[in-house]
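model-v3.csv follows (CSV, C-alpha atoms and all ligand atoms):
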```
chain,number,residue,atom,x,y,z
A,1375,MET,CA,226.9,154.6,10.1
A,1376,GLN,CA,229.0,155.7,13.1
A,1377,ILE,CA,231.8,157.8,11.6
A,1378,LEU,CA,234.9,159.0,13.3
A,1379,LEU,CA,235.7,162.5,11.9
A,1380,THR,CA,239.0,164.2,12.7
A,1381,GLY,CA,239.5,167.9,12.2
A,1382,SER,CA,235.8,168.4,13.2
A,1383,SER,CA,236.4,171.9,14.6
A,1384,GLY,CA,238.0,173.2,11.4
A,1385,VAL,CA,236.5,174.9,8.4
A,1386,VAL,CA,235.9,171.8,6.3
A,1387,GLY,CA,235.4,169.6,9.3
A,1388,THR,CA,232.5,171.7,10.7
A,1389,TYR,CA,230.7,171.5,7.3
A,1390,VAL,CA,231.3,167.8,7.1
A,1391,LEU,CA,230.1,167.3,10.7
A,1392,LEU,CA,226.8,169.1,10.0
A,1393,HIS,CA,226.3,167.2,6.8
A,1394,LEU,CA,226.9,163.8,8.3
A,1395,LEU,CA,224.4,164.5,11.1
A,1396,LYS,CA,221.9,165.8,8.6
A,1397,GLU,CA,222.3,162.6,6.6
A,1398,GLY,CA,221.5,160.5,9.7
A,1399,HIS,CA,225.0,159.3,10.6
A,1400,LYS,CA,226.4,159.2,14.2
A,1401,VAL,CA,229.6,161.1,14.6
A,1402,ILE,CA,232.6,160.9,16.9
A,1403,ALA,CA,234.0,164.4,16.4
A,1404,VAL,CA,237.8,164.5,17.1
A,1405,ASP,CA,240.0,167.6,17.2
A,1406,ARG,CA,242.7,169.1,19.5
A,1407,ILE,CA,240.3,171.9,20.2
A,1408,PRO,CA,236.6,171.6,21.3
A,1409,LEU,CA,233.8,172.2,18.8
A,1410,PRO,CA,233.2,176.0,18.3
A,1411,PRO,CA,230.5,177.2,20.7
A,1412,THR,CA,228.4,178.5,17.8
A,1413,THR,CA,228.4,175.0,16.2
A,1414,LEU,CA,227.5,173.3,19.5
A,1415,THR,CA,224.7,175.7,20.2
A,1416,SER,CA,223.2,175.3,16.7
A,1417,LEU,CA,223.4,171.5,17.0
A,1418,GLN,CA,221.7,171.6,20.4
A,1419,GLY,CA,218.9,173.6,18.9
A,1420,THR,CA,218.5,171.1,16.0
A,1421,TYR,CA,218.9,167.7,17.6
A,1422,GLN,CA,217.1,166.6,20.8
A,1423,ASP,CA,219.0,163.3,20.8
A,1424,LEU,CA,222.4,165.1,20.3
A,1425,ASP,CA,224.1,163.1,23.1
A,1426,ASP,CA,223.2,159.8,21.3
A,1427,ILE,CA,224.4,160.9,17.8
A,1428,LEU,CA,227.4,163.0,18.6
A,1429,LYS,CA,230.5,162.3,20.8
A,1430,VAL,CA,233.1,165.0,21.1
A,1431,GLU,CA,236.7,164.0,21.7
A,1432,VAL,CA,239.5,166.5,22.3
A,1433,VAL,CA,242.6,164.6,21.3
A,1434,ASP,CA,246.1,165.7,20.1
A,1435,LEU,CA,246.5,163.3,17.2
A,1436,THR,CA,250.3,163.7,17.1
A,1437,SER,CA,250.3,161.6,20.3
A,1438,ILE,CA,250.4,157.9,19.6
A,1439,GLY,CA,249.1,157.1,23.1
A,1440,GLU,CA,246.1,159.4,22.8
A,1441,VAL,CA,245.2,158.0,19.4
A,1442,ILE,CA,245.4,154.4,20.6
A,1443,SER,CA,243.3,155.3,23.6
A,1444,LEU,CA,240.7,157.1,21.4
A,1445,PHE,CA,240.2,154.1,19.1
A,1446,SER,CA,240.2,151.7,22.1
A,1447,ARG,CA,237.3,153.5,23.6
A,1448,TYR,CA,235.1,152.7,20.6
A,1449,THR,CA,236.5,149.4,19.3
A,1450,SER,CA,237.8,146.1,20.5
A,1451,PRO,CA,241.6,145.9,21.1
A,1452,PRO,CA,243.6,145.2,17.9
A,1453,ASP,CA,244.4,141.6,17.0
A,1454,ASP,CA,244.8,139.6,13.8
A,1455,THR,CA,241.2,138.5,13.6
A,1456,PRO,CA,239.8,139.9,10.4
A,1457,SER,CA,236.2,139.7,11.6
A,1458,LYS,CA,236.9,141.8,14.7
A,1459,SER,CA,233.8,143.9,15.4
A,1460,SER,CA,234.1,147.7,15.5
A,1461,SER,CA,231.6,150.3,16.6
A,1462,ILE,CA,233.3,152.7,14.1
A,1463,ASP,CA,232.1,152.0,10.5
A,1464,GLY,CA,234.4,154.5,8.8
A,1465,VAL,CA,236.9,157.2,9.4
A,1466,ILE,CA,237.1,160.6,7.7
A,1467,HIS,CA,240.4,162.1,8.5
A,1468,LEU,CA,240.6,165.9,7.9
A,1469,ALA,CA,242.9,167.1,10.7
A,1470,ALA,CA,246.0,168.9,9.4
A,1471,ILE,CA,247.8,172.2,9.3
A,1472,PRO,CA,246.4,173.5,6.0
A,1473,HIS,CA,248.2,176.8,5.9
A,1474,PRO,CA,252.0,176.6,5.7
A,1475,GLU,CA,252.3,180.4,5.7
A,1476,GLY,CA,253.3,181.6,9.1
A,1477,ASN,CA,254.2,178.1,10.3
A,1478,ASP,CA,257.6,176.5,10.5
A,1479,ALA,CA,258.0,174.2,7.5
A,1480,ARG,CA,259.1,171.3,9.8
A,1481,PHE,CA,256.0,171.8,12.0
A,1482,VAL,CA,253.7,171.6,9.0
A,1483,HIS,CA,255.3,168.6,7.4
A,1484,ASN,CA,255.8,166.7,10.7
A,1485,THR,CA,252.3,167.4,12.1
A,1486,ASN,CA,250.5,166.4,8.9
A,1487,THR,CA,252.4,163.2,8.2
A,1488,SER,CA,252.5,162.0,11.8
A,1489,ILE,CA,248.8,162.7,12.4
A,1490,SER,CA,247.8,160.8,9.3
A,1491,TYR,CA,249.9,157.8,10.0
A,1492,ASN,CA,248.7,157.7,13.6
A,1493,VAL,CA,245.1,157.9,12.6
A,1494,LEU,CA,245.2,155.6,9.5
A,1495,TYR,CA,247.5,153.0,11.1
A,1496,THR,CA,245.5,152.8,14.3
A,1497,ALA,CA,242.1,152.7,12.5
A,1498,ALA,CA,243.3,149.8,10.3
A,1499,GLU,CA,244.8,148.1,13.3
A,1500,HIS,CA,241.4,148.3,15.1
A,1501,GLY,CA,239.6,146.6,12.2
A,1502,ILE,CA,238.2,149.6,10.4
A,1503,ARG,CA,238.1,149.0,6.7
A,1504,ARG,CA,236.8,152.2,5.1
A,1505,ILE,CA,238.8,155.4,5.4
A,1506,VAL,CA,238.7,158.8,3.7
A,1507,GLN,CA,241.4,161.3,4.1
A,1508,ALA,CA,241.6,164.9,2.9
A,1509,SER,CA,244.3,165.4,0.3
A,1510,SER,CA,244.7,168.4,-1.9
A,1511,VAL,CA,245.3,169.6,-5.5
A,1512,ASN,CA,248.4,171.0,-3.9
A,1513,PHE,CA,249.7,167.5,-4.0
A,1514,THR,CA,251.5,168.4,-7.2
A,1515,GLY,CA,252.9,171.7,-5.8
A,1516,LEU,CA,250.6,174.7,-6.4
A,1517,ALA,CA,249.5,177.4,-4.0
A,1518,TYR,CA,252.4,177.2,-1.6
A,1519,THR,CA,255.1,176.4,-4.1
A,1520,ARG,CA,257.4,179.3,-5.0
A,1521,LYS,CA,255.9,181.5,-7.6
A,1522,GLY,CA,256.8,180.4,-11.1
A,1523,MET,CA,258.1,177.0,-9.9
A,1524,GLN,CA,254.8,175.1,-10.4
A,1525,ARG,CA,254.9,172.6,-13.3
A,1526,PHE,CA,252.3,170.5,-15.0
A,1527,ASP,CA,252.9,167.8,-17.6
A,1528,LYS,CA,249.4,167.9,-19.0
A,1529,LEU,CA,246.1,169.9,-18.8
A,1530,PRO,CA,243.6,169.0,-17.7
A,1531,ILE,CA,245.2,167.6,-14.6
A,1532,ASP,CA,244.4,164.0,-13.7
A,1533,GLU,CA,245.4,161.9,-10.7
A,1534,ASP,CA,248.5,160.6,-12.6
A,1535,GLU,CA,250.1,164.0,-12.8
A,1536,PRO,CA,253.5,163.7,-11.0
A,1537,SER,CA,254.2,165.8,-8.0
A,1538,HIS,CA,256.7,168.7,-8.4
A,1539,ALA,CA,256.2,169.6,-4.8
A,1540,GLU,CA,258.9,171.6,-3.0
A,1541,ASP,CA,256.8,173.1,-0.2
A,1542,PRO,CA,256.1,171.3,3.1
A,1543,TYR,CA,252.4,171.2,2.7
A,1544,ALA,CA,252.4,169.7,-0.7
A,1545,LEU,CA,255.0,167.2,0.3
A,1546,SER,CA,253.0,166.3,3.4
A,1547,LYS,CA,250.0,165.5,1.3
A,1548,GLN,CA,252.1,163.4,-1.1
A,1549,ILE,CA,253.4,161.4,1.9
A,1550,CYS,CA,249.9,161.0,3.4
A,1551,GLU,CA,248.9,159.3,0.1
A,1552,ILE,CA,252.0,157.1,0.1
A,1553,GLN,CA,251.1,156.1,3.7
A,1554,ALA,CA,247.6,155.1,2.6
A,1555,LEU,CA,249.0,153.0,-0.3
A,1556,SER,CA,251.3,151.2,2.1
A,1557,LEU,CA,248.6,150.5,4.7
A,1558,CYS,CA,246.3,149.1,2.1
A,1559,ARG,CA,249.1,146.6,1.2
A,1560,LEU,CA,249.4,145.7,4.9
A,1561,HIS,CA,245.6,145.2,5.2
A,1562,PRO,CA,244.4,143.8,1.9
A,1563,SER,CA,240.7,144.4,2.8
A,1564,LEU,CA,241.3,148.1,3.7
A,1565,THR,CA,240.2,150.9,1.3
A,1566,ILE,CA,241.4,154.5,1.6
A,1567,ALA,CA,240.1,157.3,-0.6
A,1568,SER,CA,242.4,160.4,-0.7
A,1569,LEU,CA,240.2,163.3,-1.8
A,1570,ARG,CA,242.1,166.1,-3.5
A,1571,PHE,CA,240.0,169.1,-2.7
A,1572,HIS,CA,240.6,172.6,-4.0
A,1573,HIS,CA,239.8,175.8,-2.1
A,1574,VAL,CA,236.7,174.5,-0.3
A,1575,LEU,CA,234.0,177.2,0.0
A,1576,PRO,CA,230.3,177.2,0.6
A,1577,THR,CA,229.1,179.2,-2.5
A,1578,LEU,CA,230.0,180.0,-6.1
A,1579,ALA,CA,229.8,183.7,-5.2
A,1580,GLN,CA,232.6,183.2,-2.6
A,1581,ALA,CA,234.6,181.2,-5.1
A,1582,VAL,CA,234.4,184.0,-7.6
A,1583,GLU,CA,235.5,186.5,-5.0
A,1584,TRP,CA,238.5,184.4,-4.0
A,1585,SER,CA,239.3,183.1,-7.5
A,1586,ARG,CA,243.1,183.2,-8.2
A,1587,GLU,CA,245.1,182.9,-11.4
A,1588,GLU,CA,247.8,180.9,-9.7
A,1589,GLU,CA,245.2,178.3,-8.7
A,1590,PHE,CA,243.7,178.1,-12.2
A,1591,TRP,CA,240.5,179.9,-11.0
A,1592,MET,CA,239.2,176.7,-9.4
A,1593,TRP,CA,237.4,175.6,-6.2
A,1594,THR,CA,235.3,172.9,-4.5
A,1595,SER,CA,231.9,173.5,-2.9
A,1596,SER,CA,231.6,172.6,0.7
A,1597,LEU,CA,228.6,170.4,0.0
A,1598,SER,CA,230.5,168.5,-2.8
A,1599,ALA,CA,233.5,167.9,-0.4
A,1600,ALA,CA,231.1,166.5,2.3
A,1601,GLN,CA,229.3,164.3,-0.2
A,1602,ALA,CA,232.6,163.0,-1.5
A,1603,CYS,CA,233.6,162.1,2.0
A,1604,ILE,CA,230.5,160.0,2.5
A,1605,MET,CA,230.8,158.4,-0.9
A,1606,GLY,CA,234.4,157.5,-0.2
A,1607,LEU,CA,233.1,155.4,2.7
A,1608,THR,CA,229.9,154.0,1.3
A,1609,THR,CA,230.2,153.5,-2.5
A,1610,PRO,CA,230.2,149.8,-3.2
A,1611,GLN,CA,233.7,148.8,-4.5
A,1612,GLU,CA,233.0,145.5,-6.2
A,1613,GLY,CA,234.6,145.6,-9.5
A,1614,ARG,CA,235.3,149.3,-9.2
A,1615,TRP,CA,238.2,149.9,-6.9
A,1616,LYS,CA,240.1,148.5,-4.0
A,1617,GLY,CA,243.1,149.5,-1.8
A,1618,HIS,CA,244.1,153.2,-2.1
A,1619,GLU,CA,242.9,155.6,-4.7
A,1620,ALA,CA,243.3,159.3,-5.1
A,1621,PHE,CA,240.4,161.4,-6.5
A,1622,ASN,CA,240.3,164.9,-7.9
A,1623,ILE,CA,237.3,166.6,-6.1
A,1624,VAL,CA,237.0,169.9,-7.9
A,1625,ALA,CA,234.3,172.0,-9.5
A,1626,PRO,CA,233.7,171.4,-13.3
A,1627,GLU,CA,234.1,175.0,-14.3
A,1628,ILE,CA,236.3,178.0,-13.5
A,1629,ALA,CA,235.0,180.6,-11.0
A,1630,TRP,CA,236.0,183.9,-12.6
A,1631,ARG,CA,234.1,187.1,-12.4
A,1632,ASP,CA,234.1,187.8,-16.2
A,1633,ALA,CA,231.5,185.2,-17.2
A,1634,THR,CA,232.3,185.7,-20.9
A,1635,ALA,CA,236.0,184.6,-20.5
A,1636,GLY,CA,236.8,181.0,-21.6
A,1637,SER,CA,239.3,178.9,-19.6
A,1638,LEU,CA,241.9,178.6,-22.4
A,1639,GLU,CA,241.6,182.4,-23.1
A,1640,LEU,CA,242.4,183.2,-19.5
A,1641,LEU,CA,245.3,180.7,-19.5
A,1642,GLY,CA,246.8,182.2,-22.6
A,1643,LYS,CA,247.0,185.6,-21.0
A,1644,SER,CA,248.2,184.4,-17.7
A,1645,GLU,CA,251.6,183.6,-16.0
A,1646,TRP,CA,250.9,179.9,-16.9
A,1647,ASN,CA,251.8,180.8,-20.4
A,1648,ASP,CA,255.5,181.2,-19.5
A,1649,GLU,CA,257.8,178.9,-21.3
A,1650,GLY,CA,258.1,175.4,-19.9
A,1651,ARG,CA,255.5,175.6,-17.1
A,1652,ILE,CA,252.9,173.5,-18.9
A,1653,GLY,CA,253.5,170.6,-21.2
A,1654,LEU,CA,250.6,169.2,-23.2
A,1655,VAL,CA,247.3,171.0,-23.4
A,1656,ASP,CA,244.5,168.7,-24.5
A,1657,ARG,CA,242.4,171.3,-26.3
A,1658,GLU,CA,239.7,168.7,-27.0
A,1659,TRP,CA,238.8,168.8,-23.3
A,1660,TRP,CA,237.5,172.4,-23.8
A,1661,GLU,CA,235.3,171.4,-26.7
A,1662,GLY,CA,233.0,170.1,-23.9
A,1663,GLY,CA,232.6,173.7,-22.7
A,1664,ARG,CA,234.6,177.0,-22.9
A,1665,ARG,CA,234.5,177.4,-19.1
A,1666,ARG,CA,235.5,173.8,-18.3
A,1667,GLY,CA,238.0,173.5,-15.4
A,1668,PHE,CA,241.6,172.5,-15.3
A,1669,TRP,CA,241.1,169.3,-13.2
A,1670,ASP,CA,239.7,166.1,-14.7
A,1671,CYS,CA,237.3,164.6,-12.1
A,1672,THR,CA,236.0,161.7,-14.3
A,1673,LYS,CA,237.7,159.1,-12.0
A,1674,ALA,CA,235.6,160.3,-9.0
A,1675,GLU,CA,232.5,160.2,-11.2
A,1676,ARG,CA,233.3,156.7,-12.4
A,1677,LEU,CA,234.5,155.0,-9.2
A,1678,LEU,CA,232.7,157.0,-6.5
A,1679,GLY,CA,229.6,158.1,-8.3
A,1680,TRP,CA,230.6,161.7,-7.3
A,1681,ARG,CA,229.6,164.8,-9.2
A,1682,HIS,CA,230.2,168.4,-8.1
A,1683,VAL,CA,227.1,170.3,-7.0
A,1701,LIG,N1,240.1,174.4,3.2
A,1701,LIG,C1,240.5,174.1,2.0
A,1701,LIG,O1,240.2,174.8,1.0
A,1701,LIG,C2,241.3,172.8,1.7
A,1701,LIG,C3,241.6,172.5,0.3
A,1701,LIG,C4,242.3,171.3,0.1
A,1701,LIG,C5,242.6,170.4,1.1
A,1701,LIG,N2,242.2,170.7,2.4
A,1701,LIG,C6,242.4,169.8,3.5
A,1701,LIG,O2,241.2,169.6,4.2
A,1701,LIG,C7,241.5,169.3,5.6
A,1701,LIG,C8,240.7,170.3,6.4
A,1701,LIG,O3,241.2,171.7,6.1
A,1701,LIG,P1,240.5,172.9,6.8
A,1701,LIG,O4,240.6,174.1,5.9
A,1701,LIG,O5,239.2,172.6,7.4
A,1701,LIG,O6,241.6,173.2,8.0
A,1701,LIG,P2,241.4,173.8,9.4
A,1701,LIG,O7,242.7,174.3,9.9
A,1701,LIG,O8,240.3,174.7,9.4
A,1701,LIG,O9,241.0,172.5,10.2
A,1701,LIG,C9,242.0,171.5,10.6
A,1701,LIG,C10,241.6,171.0,12.0
A,1701,LIG,O10,242.6,170.1,12.3
A,1701,LIG,C11,242.9,170.2,13.7
A,1701,LIG,N3,244.2,169.7,14.1
A,1701,LIG,C12,245.4,170.2,13.7
A,1701,LIG,N4,246.4,169.6,14.3
A,1701,LIG,C13,245.8,168.7,15.2
A,1701,LIG,C14,246.2,167.7,16.1
A,1701,LIG,N5,247.6,167.6,16.4
A,1701,LIG,N6,245.4,166.9,16.8
A,1701,LIG,C15,244.0,167.1,16.5
A,1701,LIG,N7,243.5,168.0,15.7
A,1701,LIG,C16,244.4,168.8,15.0
A,1701,LIG,C17,242.8,171.7,14.0
A,1701,LIG,O11,242.5,172.0,15.3
A,1701,LIG,C18,241.6,172.1,13.0
A,1701,LIG,O12,240.4,172.2,13.7
A,1701,LIG,C19,243.0,169.4,5.7
A,1701,LIG,O13,243.6,168.2,5.7
A,1701,LIG,C20,243.4,170.3,4.5
A,1701,LIG,O14,244.8,170.0,4.2
A,1701,LIG,C21,241.5,171.9,2.7
```
Could you quickly redo this structure as structure tokens?
Ligand SMILES: NC(=O)c1ccc[n+]([C@@H]2O[C@H](COP(=O)([O-])OP(=O)(O)OC[C@H]3O[C@@H](n4cnc5c(N)ncnc54)[C@H](O)[C@@H]3O)[C@@H](O)[C@H]2O)c1
Amino acid sequence: MQILLTGSSGVVGTYVLLHLLKEGHKVIAVDRIPLPPTTLTSLQGTYQDLDDILKVEVVDLTSIGEVISLFSRYTSPPDDTPSKSSSIDGVIHLAAIPHPEGNDARFVHNTNTSISYNVLYTAAEHGIRRIVQASSVNFTGLAYTRKGMQRFDKLPIDEDEPSHAEDPYALSKQICEIQALSLCRLHPSLTIASLRFHHVLPTLAQAVEWSREEEFWMWTSSLSAAQACIMGLTTPQEGRWKGHEAFNIVAPEIAWRDATAGSLELLGKSEWNDEGRIGLVDREWWEGGRRRGFWDCTKAERLLGWRHV
């Protein structure tokens, strides 16, 4: 497949780019900054045909004109013909401002929501029918929401958990998912998978090092995030899913340095135990394993065929 990947110079984007090329895909790598020199040098040493399999595009995705021009370079002009050919088989949209700390709230919200609408709308308009976008477990209001203000109706957390978001990053991810839903109504043959990642890191050792109570001691491996991106574009949908779907993409177990501690035991001693922050706890979930995580990813397993590695 030829895949247009946004945010390709970022942390997750770099990993996804390397994974896509390794899996034999061609990539149009899009970011407002060029690929890091270390990434480029490593790729030049690995692939002799790099110019054929990788195109690098430096684009400010907040600019409607630049986004239209980008898609027009690789696809026919938009029209209403459903069979319009496109040399882009799918889009993986990762570009965003992922750290609200130190950034103006309006900048985070406006950048994330305008970038996503520009990319998703223009891709659909140019005949692309498979899109994946990075969402986040922060959708519900977690890491950047004021301490003590996070709320969950139910544990484990599934994709139906309502958002209690009050911070600009969580809100932006919520809006990006609503945009996807709306665009799938506009284009009935379009599918968009919003992947709710959680603290994406290459190894379990790093996840243990960075593990945080306020994030339920959870993470997503970089490889699993990259595999979910590909599955969101390639998994056959017949009878499984259509339109927009959100998927929890999180490790199955907590990453906590005390390997003897069970998840519910940690929860009981934590700030989450405060009155009113968590509604129902489905204790049967943890009969499947004491260290089981706090996000239910069975939807991604069922509909995408994805499993954390
Ligand atoms: N890293 C995580 O743990 C994590 C967890 C959950 C969700 N996510 C989501 O995954 C995606 C990637 O996150 P990341 O950690 O790699 O972030 P990052 O900041 O490392 O990468 C984001 C990239 O987007 C690019 N970008 C920002 N504004 C742009 C613009 N106007 N035009 C073009 N490019 C622009 C940046 O230059 C950067 O390279 C984001 O959508 C983030 O919200 C990340």
Determine, counting only C-alpha atoms, which protein, DNA and RNA residues have an atom within 7 Å of an atom of A:Lys1616; residues of the same chain fewer than 2 positions away are not included. Present the result as JSON, numbers by chain.
{"A": [1565, 1611, 1618]}
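Of note, atom CA of A:Leu1654 and atom CA of A:Arg1681 are spaced 25.6 Å apart.
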When you draw a straight line from atom CA of A:Ala1629 to atom CA of A:Asn1647, how long is it in Å?
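According to the coordinates, atom CA of A:Ala1629 and atom CA of A:Asn1647 are separated by 19.3 Å.
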Any idea what's packed within 12 Å of A:Ala1581, counting all atoms listed in the file, ignoring anything in its chain fewer than 6 positions away? Could you give it as a VMD selection string?
chain A and resid 1572 to 1575 1589 to 1596 1624 to 1625 1627 to 1631
Could you check the closest approach to ligand LIG 1701 (chain A) for each of A:Val1401, A:Ala1479, A:Val1430, A:Ala1508 and tell me which residue wins, using only C-alpha atoms and all ligand atoms?
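Going through A:Val1401, A:Ala1479, A:Val1430, A:Ala1508 one by one, the smallest distance to ligand LIG 1701 (chain A) is for A:Ala1508.
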Counting all atoms listed in the file, closest pick from A:Ile1427, A:Leu1395, A:Leu1417, A:Ile1402 relative to A:Ile1604 is A:Leu1395
Near stretch 1474-1478 of chain A, counting all atoms listed in the file, which residues have an atom at most 12 Å away, once you skip same-chain residues fewer than 6 positions from it, shown as a ChimeraX atom specification?
/A:1484-1486,1512,1517-1520,1541-1546
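Closest approach to ligand LIG 1701 (chain A) from the set A:Ile1623, A:Leu1560, A:Leu1378, A:Ile1549 is made by A:Ile1623, with distances taken over all atoms listed in the file.
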Identify the residues around (229.4, 152.8, 1.7) within a radius of 12 Å, measuring from all atoms listed in the file in the coordinates stated by the file, and give them as a count of residues only.
27
Near A:Leu1638, counting only C-alpha atoms, which residues have an atom at most 12 Å away, once you skip same-chain residues fewer than 2 positions from it, shown as a ChimeraX atom specification?
/A:1529-1530,1590-1591,1627-1628,1635-1636,1640-1644,1646-1647,1655-1661,1663-1668
So what do you get for atom CA of A:Gly1522 versus atom N2 of ligand LIG 1701 (chain A), distance-wise?
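Between atom CA of A:Gly1522 and atom N2 of ligand LIG 1701 (chain A) the gap works out to 22.1 Å.
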Within 9 Å of ligand LIG 1701 (chain A) (counting all atoms listed in the file), which residues show up? I'd like them as a VMD selection string.
chain A and resid 1380 to 1389 1404 to 1409 1432 to 1437 1467 to 1473 1485 to 1486 1488 to 1489 1507 to 1512 1543 1547 1569 to 1575 1593 to 1594 1596
Which residue, A:Val1482, A:Ile1566, A:Ala1539, A:Ala1554, has the smallest gap to A:Thr1514 when you use all atoms listed in the file?
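Among the listed residues, A:Ala1539 lies closest to A:Thr1514.
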Best match for closeness to A:Lys1396 among A:Gln1548, A:Asn1622, A:Thr1420, A:Ser1450, counting all atoms listed in the file
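Using all atoms listed in the file, A:Lys1396 sits closest to A:Thr1420.
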